[in-house]
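K.L.:
Provided herewith: query-v5.cif, mmCIF, C-alpha atoms.
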data_entry
loop_
_atom_site.group_PDB
_atom_site.id
_atom_site.type_symbol
_atom_site.label_atom_id
_atom_site.label_comp_id
_atom_site.auth_asym_id
_atom_site.auth_seq_id
_atom_site.Cartn_x
_atom_site.Cartn_y
_atom_site.Cartn_z
ATOM 1 C CA MET B 1279 0.000 0.000 0.000
ATOM 2 C CA ALA B 1280 1.421 3.386 -0.999
ATOM 3 C CA LYS B 1281 2.164 5.760 1.827
ATOM 4 C CA ASN B 1282 1.175 9.390 1.968
ATOM 5 C CA LYS B 1283 3.893 11.900 1.184
ATOM 6 C CA TYR B 1284 2.080 15.054 2.314
ATOM 7 C CA TYR B 1285 0.040 15.875 5.400
ATOM 8 C CA VAL B 1286 -2.444 18.711 5.692
ATOM 9 C CA VAL B 1287 -2.989 20.288 9.100
ATOM 10 C CA TRP B 1288 -6.105 22.423 9.037
ATOM 11 C CA VAL B 1289 -6.352 22.887 12.791
ATOM 12 C CA GLY B 1290 -3.157 22.593 14.843
ATOM 13 C CA ALA B 1291 -0.239 24.538 16.283
ATOM 14 C CA ASN B 1292 0.811 25.714 12.817
ATOM 15 C CA PRO B 1293 -1.725 24.901 10.051
ATOM 16 C CA GLY B 1294 -0.176 24.059 6.714
ATOM 17 C CA ILE B 1295 1.156 21.260 4.496
ATOM 18 C CA TYR B 1296 3.954 19.029 5.786
ATOM 19 C CA ASN B 1297 6.214 16.557 4.012
ATOM 20 C CA SER B 1298 6.309 13.882 6.716
ATOM 21 C CA TRP B 1299 4.233 12.348 9.475
ATOM 22 C CA THR B 1300 6.841 13.458 12.024
ATOM 23 C CA GLU B 1301 6.408 17.106 11.021
ATOM 24 C CA CYS B 1302 2.632 16.745 11.010
ATOM 25 C CA GLN B 1303 2.590 15.062 14.402
ATOM 26 C CA ALA B 1304 4.576 17.936 15.913
ATOM 27 C CA GLN B 1305 1.713 20.283 15.002
ATOM 28 C CA ILE B 1306 -1.121 18.159 16.413
ATOM 29 C CA LYS B 1307 0.262 16.519 19.571
ATOM 30 C CA GLY B 1308 -1.615 17.859 22.538
ATOM 31 C CA TYR B 1309 -3.632 20.243 20.368
ATOM 32 C CA PRO B 1310 -7.367 20.065 21.178
ATOM 33 C CA ALA B 1311 -9.566 18.895 18.275
ATOM 34 C CA ALA B 1312 -6.735 18.919 15.744
ATOM 35 C CA LYS B 1313 -7.816 18.402 12.125
ATOM 36 C CA PHE B 1314 -5.415 16.734 9.684
ATOM 37 C CA LYS B 1315 -5.178 14.151 6.895
ATOM 38 C CA GLY B 1316 -2.564 12.574 4.633
ATOM 39 C CA PHE B 1317 -2.448 12.785 0.834
ATOM 40 C CA ALA B 1318 -0.412 11.065 -1.856
ATOM 41 C CA THR B 1319 0.437 14.144 -3.916
ATOM 42 C CA LEU B 1320 1.216 17.800 -3.234
ATOM 43 C CA GLU B 1321 -1.569 18.875 -5.582
ATOM 44 C CA GLU B 1322 -4.148 16.904 -3.606
ATOM 45 C CA ALA B 1323 -2.818 18.339 -0.346
ATOM 46 C CA GLN B 1324 -2.942 21.916 -1.649
ATOM 47 C CA THR B 1325 -6.500 21.478 -2.891
ATOM 48 C CA ALA B 1326 -7.591 19.946 0.406
ATOM 49 C CA PHE B 1327 -5.942 22.690 2.459
ATOM 50 C CA SER B 1328 -7.730 25.399 0.467
ATOM 51 C CA ARG B 1329 -11.132 23.682 0.646
ATOM 52 C CA GLY B 1330 -11.046 23.063 4.401
ATOM 53 C CA TYR B 1331 -11.323 19.970 6.559
ATOM 54 C CA ALA B 1332 -15.142 19.692 6.456
ATOM 55 C CA LYS B 1333 -14.968 18.118 2.982
ATOM 56 C CA TYR B 1334 -12.421 15.490 4.026
ATOM 57 C CA ILE B 1335 -13.057 14.524 7.653
ATOM 58 C CA VAL B 1336 -16.177 12.695 8.788
ATOM 59 C CA PRO B 1337 -17.367 13.909 12.204
ATOM 60 C CA ALA B 1338 -17.060 11.262 14.906
ATOM 61 C CA SER B 1339 -20.806 11.538 15.592
ATOM 62 C CA LYS B 1340 -21.518 10.262 12.073
ATOM 63 C CA ALA B 1341 -19.022 7.419 12.123
ATOM 64 C CA LYS B 1342 -20.345 3.867 12.115
ATOM 65 C CA THR B 1343 -20.172 2.235 15.521
ATOM 66 C CA SER B 1344 -21.839 -1.121 14.897
ATOM 67 C CA LYS B 1345 -18.569 -3.053 14.614
ATOM 68 C CA PRO B 1346 -16.292 -3.675 17.624
ATOM 69 C CA VAL B 1347 -13.163 -2.890 15.602
ATOM 70 C CA THR B 1348 -13.234 0.524 13.968
ATOM 71 C CA SER B 1349 -11.102 3.280 12.519
ATOM 72 C CA HIS B 1350 -11.506 7.034 12.974
ATOM 73 C CA SER B 1351 -10.885 10.047 10.750
ATOM 74 C CA GLN B 1352 -8.484 11.477 13.306
ATOM 75 C CA ILE B 1353 -6.199 10.031 15.947
ATOM 76 C CA ILE B 1354 -7.434 9.683 19.503
ATOM 77 C CA SER B 1355 -4.279 10.774 21.300
ATOM 78 C CA ASN B 1356 -5.500 9.631 24.720
ATOM 79 C CA SER B 1357 -4.988 5.963 23.871
ATOM 80 C CA ILE B 1358 -2.284 3.333 23.650
ATOM 81 C CA ALA B 1359 -0.681 1.909 20.520
ATOM 82 C CA VAL B 1360 1.030 -1.450 20.047
ATOM 83 C CA ASP B 1361 3.352 -2.867 17.411
ATOM 84 C CA ALA B 1362 5.903 -5.614 16.787
ATOM 85 C CA ALA B 1363 9.135 -5.979 14.832
ATOM 86 C CA CYS B 1364 11.013 -9.037 13.632
ATOM 87 C CA SER B 1365 14.599 -9.340 12.368
ATOM 88 C CA GLY B 1366 13.843 -11.968 9.749
ATOM 89 C CA ASN B 1367 10.511 -13.755 9.725
ATOM 90 C CA PRO B 1368 10.907 -15.882 11.759
ATOM 91 C CA GLY B 1369 13.708 -14.225 13.668
ATOM 92 C CA VAL B 1370 14.415 -12.192 16.771
ATOM 93 C CA MET B 1371 11.047 -10.621 17.628
ATOM 94 C CA GLU B 1372 9.965 -7.916 20.013
ATOM 95 C CA TYR B 1373 6.824 -5.962 20.727
ATOM 96 C CA GLN B 1374 5.876 -2.901 22.701
ATOM 97 C CA GLY B 1375 3.014 -0.718 23.817
ATOM 98 C CA VAL B 1376 3.246 3.067 24.081
ATOM 99 C CA TYR B 1377 1.051 5.970 25.096
ATOM 100 C CA THR B 1378 -0.081 7.389 21.761
ATOM 101 C CA LYS B 1379 0.121 11.057 22.749
ATOM 102 C CA ASP B 1380 3.800 11.170 23.692
ATOM 103 C CA GLY B 1381 5.272 7.775 22.720
ATOM 104 C CA ARG B 1382 6.035 6.838 26.342
ATOM 105 C CA GLN B 1383 6.745 3.097 26.535
ATOM 106 C CA LEU B 1384 4.322 1.168 28.752
ATOM 107 C CA PHE B 1385 5.556 -2.381 28.187
ATOM 108 C CA HIS B 1386 8.063 -4.320 26.084
ATOM 109 C CA GLN B 1387 8.923 -7.984 25.439
ATOM 110 C CA LYS B 1388 11.640 -9.626 23.331
ATOM 111 C CA PHE B 1389 12.084 -13.204 22.111
ATOM 112 C CA ASN B 1390 14.955 -15.016 20.404
ATOM 113 C CA LEU B 1391 12.675 -16.509 17.757
ATOM 114 C CA GLY B 1392 9.201 -15.522 16.597
ATOM 115 C CA THR B 1393 7.188 -13.977 13.778
ATOM 116 C CA ASN B 1394 5.830 -10.499 13.280
ATOM 117 C CA ASN B 1395 2.207 -11.690 13.367
ATOM 118 C CA ILE B 1396 2.706 -13.478 16.691
ATOM 119 C CA GLY B 1397 4.322 -10.321 18.049
ATOM 120 C CA GLU B 1398 1.403 -8.183 16.876
ATOM 121 C CA PHE B 1399 -1.045 -10.621 18.498
ATOM 122 C CA LEU B 1400 0.811 -10.734 21.820
ATOM 123 C CA ALA B 1401 1.237 -6.962 21.830
ATOM 124 C CA LEU B 1402 -2.486 -6.441 21.363
ATOM 125 C CA VAL B 1403 -3.482 -8.918 24.074
ATOM 126 C CA HIS B 1404 -0.857 -7.462 26.420
ATOM 127 C CA GLY B 1405 -2.230 -3.989 25.738
ATOM 128 C CA ILE B 1406 -5.852 -4.984 26.329
ATOM 129 C CA SER B 1407 -5.016 -6.768 29.583
ATOM 130 C CA TYR B 1408 -2.821 -3.815 30.660
ATOM 131 C CA LEU B 1409 -5.693 -1.390 30.192
ATOM 132 C CA GLN B 1410 -8.239 -3.569 31.962
ATOM 133 C CA LYS B 1411 -5.901 -4.460 34.841
ATOM 134 C CA ASN B 1412 -5.189 -0.783 35.449
ATOM 135 C CA LYS B 1413 -8.852 0.157 34.964
ATOM 136 C CA LEU B 1414 -8.029 2.539 32.131
ATOM 137 C CA ASN B 1415 -10.907 3.333 29.813
ATOM 138 C CA LEU B 1416 -8.774 4.066 26.743
ATOM 139 C CA PRO B 1417 -8.926 2.683 23.189
ATOM 140 C CA ILE B 1418 -6.030 0.647 21.814
ATOM 141 C CA TYR B 1419 -4.549 0.949 18.313
ATOM 142 C CA SER B 1420 -3.006 -1.823 16.214
ATOM 143 C CA ASP B 1421 -1.980 -1.607 12.552
ATOM 144 C CA SER B 1422 -2.343 -5.372 12.042
ATOM 145 C CA LYS B 1423 -5.619 -6.715 10.631
ATOM 146 C CA ILE B 1424 -4.327 -10.246 11.209
ATOM 147 C CA ALA B 1425 -3.628 -9.656 14.903
ATOM 148 C CA ILE B 1426 -6.982 -7.965 15.418
ATOM 149 C CA GLY B 1427 -8.696 -10.926 13.730
ATOM 150 C CA TRP B 1428 -6.848 -13.438 15.903
ATOM 151 C CA VAL B 1429 -7.785 -11.504 19.039
ATOM 152 C CA MET B 1430 -11.458 -11.367 18.059
ATOM 153 C CA LYS B 1431 -11.371 -15.146 17.433
ATOM 154 C CA LYS B 1432 -9.393 -15.663 20.672
ATOM 155 C CA GLN B 1433 -6.813 -17.797 18.875
ATOM 156 C CA CYS B 1434 -3.315 -17.271 17.463
ATOM 157 C CA LYS B 1435 -3.262 -19.108 14.133
ATOM 158 C CA SER B 1436 0.452 -18.907 13.425
ATOM 159 C CA LYS B 1437 2.086 -21.747 11.485
ATOM 160 C CA LEU B 1438 5.401 -21.306 13.265
ATOM 161 C CA ALA B 1439 6.569 -24.680 14.585
ATOM 162 C CA GLU B 1440 7.078 -25.202 18.296
ATOM 163 C CA SER B 1441 10.643 -26.047 19.266
ATOM 164 C CA PRO B 1442 13.018 -25.586 22.200
ATOM 165 C CA LYS B 1443 13.809 -22.138 20.787
ATOM 166 C CA THR B 1444 10.133 -21.116 20.749
ATOM 167 C CA LYS B 1445 9.063 -22.774 24.005
ATOM 168 C CA GLU B 1446 8.905 -19.520 25.991
ATOM 169 C CA LEU B 1447 7.104 -17.774 23.138
ATOM 170 C CA PHE B 1448 4.394 -20.408 22.812
ATOM 171 C CA GLU B 1449 3.883 -20.537 26.561
ATOM 172 C CA LEU B 1450 3.029 -16.850 26.388
ATOM 173 C CA VAL B 1451 0.805 -17.407 23.337
ATOM 174 C CA ARG B 1452 -1.218 -20.029 25.228
ATOM 175 C CA ARG B 1453 -1.494 -17.737 28.234
ATOM 176 C CA ALA B 1454 -2.739 -14.979 25.946
ATOM 177 C CA GLU B 1455 -5.331 -17.280 24.352
ATOM 178 C CA ASP B 1456 -6.504 -18.438 27.787
ATOM 179 C CA TRP B 1457 -6.798 -14.843 28.947
ATOM 180 C CA LEU B 1458 -8.952 -13.981 25.938
ATOM 181 C CA LYS B 1459 -11.209 -16.995 26.519
ATOM 182 C CA ASN B 1460 -11.686 -16.183 30.200
ATOM 183 C CA ASN B 1461 -12.133 -12.420 29.954
ATOM 184 C CA THR B 1462 -14.502 -10.074 28.175
ATOM 185 C CA ILE B 1463 -12.752 -7.405 26.115
ATOM 186 C CA LYS B 1464 -13.992 -4.129 27.553
ATOM 187 C CA VAL B 1465 -11.747 -1.717 25.666
ATOM 188 C CA LYS B 1466 -12.234 -0.471 22.121
ATOM 189 C CA ILE B 1467 -9.838 -1.925 19.549
ATOM 190 C CA LEU B 1468 -9.077 0.500 16.728
ATOM 191 C CA LYS B 1469 -7.285 -0.089 13.427
ATOM 192 C CA TRP B 1470 -4.428 2.384 12.936
ATOM 193 C CA ASP B 1471 -4.848 4.146 9.567
ATOM 194 C CA THR B 1472 -1.263 3.924 8.323
ATOM 195 C CA LYS B 1473 -2.200 5.236 4.878
ATOM 196 C CA ASN B 1474 -3.428 8.550 6.257
ATOM 197 C CA TRP B 1475 -1.515 8.855 9.538
ATOM 198 C CA GLY B 1476 1.900 7.359 8.830
ATOM 199 C CA GLU B 1477 3.543 4.740 11.019
ATOM 200 C CA ILE B 1478 1.908 3.812 14.324
ATOM 201 C CA PRO B 1479 3.603 5.492 17.365
ATOM 202 C CA ALA B 1480 4.724 2.080 18.665
ATOM 203 C CA ASP B 1481 6.609 1.357 15.422
ATOM 204 C CA PHE B 1482 10.249 0.305 15.916
ATOM 205 C CA GLY B 1483 11.397 2.348 12.912
ATOM 206 C CA ARG B 1484 13.095 -0.489 11.018
ATOM 207 C CA LYS B 1485 11.323 -0.150 7.659
#
I'd like the structure from this file rewritten - as structure tokens, please.
P.N.:
Amino acid sequence: MAKNKYYVVWVGANPGIYNSWTECQAQIKGYPAAKFKGFATLEEAQTAFSRGYAKYIVPASKAKTSKPVTSHSQIISNSIAVDAACSGNPGVMEYQGVYTKDGRQLFHQKFNLGTNNIGEFLALVHGISYLQKNKLNLPIYSDSKIAIGWVMKKQCKSKLAESPKTKELFELVRRAEDWLKNNTIKVKILKWDTKNWGEIPADFGRK
């Protein structure tokens, strides 16, 4: 999927057109009701900036809420975000959860052998349990459709073989599956819109 190259900030610290998500994020972090969106070309961004955000952003009150997993037209900064990275697939794998607003790390795990999908799954379950254990009523973002699907089905469907090298990993996978089967998910799971927002805040920056 092609990534956006330009970001329009209609409402933020300094409204304008920015060439990267990092520059855009600097204008919207902590800014109440910020309005922004990513575009593939400069021409599209310039047109959108001149027309105003009302033609490009759907108000939250009109968004569909029938499905448990949703996406929003703008980032909810008071949330947590999770992601995983793998050096080779399979390979050394790690995952983390951060506070979306400022990138503060909330938890982190690393394994000698795993896959990116398993990491995304474990990160999401870890994040959900973290929120519920600490009684935090915040949404959680993941950029992995596969991980979200596995969580909703309460099962990790990885084809990675179990071995002495993956023993610790699969013990955690089974614990995560058991937790999902014995607990009701009370937090809102949201799909991170990488196309419009850039990389998720929990990204390890290895791409």
K.L.:
Just the number, please: distance in Å from CA of Ser1422 (chain B) to CA of Lys1445 (chain B), one decimal.
P.N.:
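Between CA of Ser1422 (chain B) and CA of Lys1445 (chain B) the gap is 24.0 Å.
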K.L.:
Starting from the PyMOL selection byres ((chain B and resi 1290-1292) around 10), expand the selection into actual residues of this file and give them as a short mmCIF file (atom, residue, chain, number, x, y, z; two decimals) with C-alpha atoms, in the frame of the given file.
P.N.:
data_model
loop_
_atom_site.label_atom_id
_atom_site.label_comp_id
_atom_site.auth_asym_id
_atom_site.auth_seq_id
_atom_site.Cartn_x
_atom_site.Cartn_y
_atom_site.Cartn_z
CA VAL B 1286 -2.44 18.71 5.69
CA VAL B 1287 -2.99 20.29 9.10
CA TRP B 1288 -6.10 22.42 9.04
CA VAL B 1289 -6.35 22.89 12.79
CA PRO B 1293 -1.72 24.90 10.05
CA GLY B 1294 -0.18 24.06 6.71
CA ILE B 1295 1.16 21.26 4.50
CA CYS B 1302 2.63 16.74 11.01
CA GLN B 1303 2.59 15.06 14.40
CA ALA B 1304 4.58 17.94 15.91
CA GLN B 1305 1.71 20.28 15.00
CA ILE B 1306 -1.12 18.16 16.41
CA LYS B 1307 0.26 16.52 19.57
CA GLY B 1308 -1.62 17.86 22.54
CA TYR B 1309 -3.63 20.24 20.37
CA PRO B 1310 -7.37 20.07 21.18
CA ALA B 1311 -9.57 18.90 18.27
CA ALA B 1312 -6.74 18.92 15.74
CA LYS B 1313 -7.82 18.40 12.12
CA PHE B 1314 -5.42 16.73 9.68
#
K.L.:
Considering all atoms listed in the file, return as a ChimeraX atom specification whatever protein or nucleic-acid residues lie within 10 Å of region 1468-1484 of chain B, sequence-local ones (same chain, fewer than 5 positions apart) excluded.
P.N.:
/B:1279-1285,1298-1300,1302-1303,1314-1318,1346-1354,1357-1365,1372-1383,1417-1423,1426
K.L.:
Enter the distance from CA of Asn1390 (chain B) to CA of Ser1436 (chain B), in Å, rounded to one decimal.
P.N.:
16.6 Å
K.L.:
Can you spell out as a ChimeraX atom specification the set of residues that the PyMOL selection byres ((chain B and resi 1432-1435) around 9) selects in the structure I just provided?
P.N.:
/B:1395-1396,1399-1400,1425,1427-1431,1436-1438,1451-1452,1454-1459
K.L.:
Just to confirm, what's the straight-line distance from CA of Ile1467 (chain B) to CA of Asn1367 (chain B) in Å (one decimal)?
P.N.:
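These atoms are spaced 25.5 Å apart.
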K.L.:
Written as number ranges by chain, which residues does the PyMOL selection byres ((chain B and resi 1443) around 12) give for the file shown?
P.N.:
B: 1368-1370, 1389-1392, 1438-1442, 1444-1449
K.L.:
Please produce a file of the residues just selected, as a PDB file, in the frame of the given file, where the atoms kept are C-alpha atoms.
P.N.:
ATOM      1  CA  PRO B1368      10.907 -15.882  11.759  1.00  0.00           C
ATOM      2  CA  GLY B1369      13.708 -14.225  13.668  1.00  0.00           C
ATOM      3  CA  VAL B1370      14.415 -12.192  16.771  1.00  0.00           C
ATOM      4  CA  PHE B1389      12.084 -13.204  22.111  1.00  0.00           C
ATOM      5  CA  ASN B1390      14.955 -15.016  20.404  1.00  0.00           C
ATOM      6  CA  LEU B1391      12.675 -16.509  17.757  1.00  0.00           C
ATOM      7  CA  GLY B1392       9.201 -15.522  16.597  1.00  0.00           C
ATOM      8  CA  LEU B1438       5.401 -21.306  13.265  1.00  0.00           C
ATOM      9  CA  ALA B1439       6.569 -24.680  14.585  1.00  0.00           C
ATOM     10  CA  GLU B1440       7.078 -25.202  18.296  1.00  0.00           C
ATOM     11  CA  SER B1441      10.643 -26.047  19.266  1.00  0.00           C
ATOM     12  CA  PRO B1442      13.018 -25.586  22.200  1.00  0.00           C
ATOM     13  CA  THR B1444      10.133 -21.116  20.749  1.00  0.00           C
ATOM     14  CA  LYS B1445       9.063 -22.774  24.005  1.00  0.00           C
ATOM     15  CA  GLU B1446       8.905 -19.520  25.991  1.00  0.00           C
ATOM     16  CA  LEU B1447       7.104 -17.774  23.138  1.00  0.00           C
ATOM     17  CA  PHE B1448       4.394 -20.408  22.812  1.00  0.00           C
ATOM     18  CA  GLU B1449       3.883 -20.537  26.561  1.00  0.00           C
TER      19      GLU B1449
END
K.L.:
Could you give me, as a PyMOL selection string, the residues within 9 Å of Asn1415 (chain B), counting only C-alpha atoms and dropping anything in the same chain fewer than 4 positions from it?
P.N.:
chain B and resi 1357+1409-1410+1464-1466
K.L.:
Axis-aligned box over every listed atom of region 1303-1320 of chain B, padded by 5 Å per side: centre and edges in Å to one decimal, as AutoDock Vina command-line options?
P.N.:
--center_x -2.5 --center_y 15.7 --center_z 9.3 --size_x 24.1 --size_y 19.2 --size_z 36.5
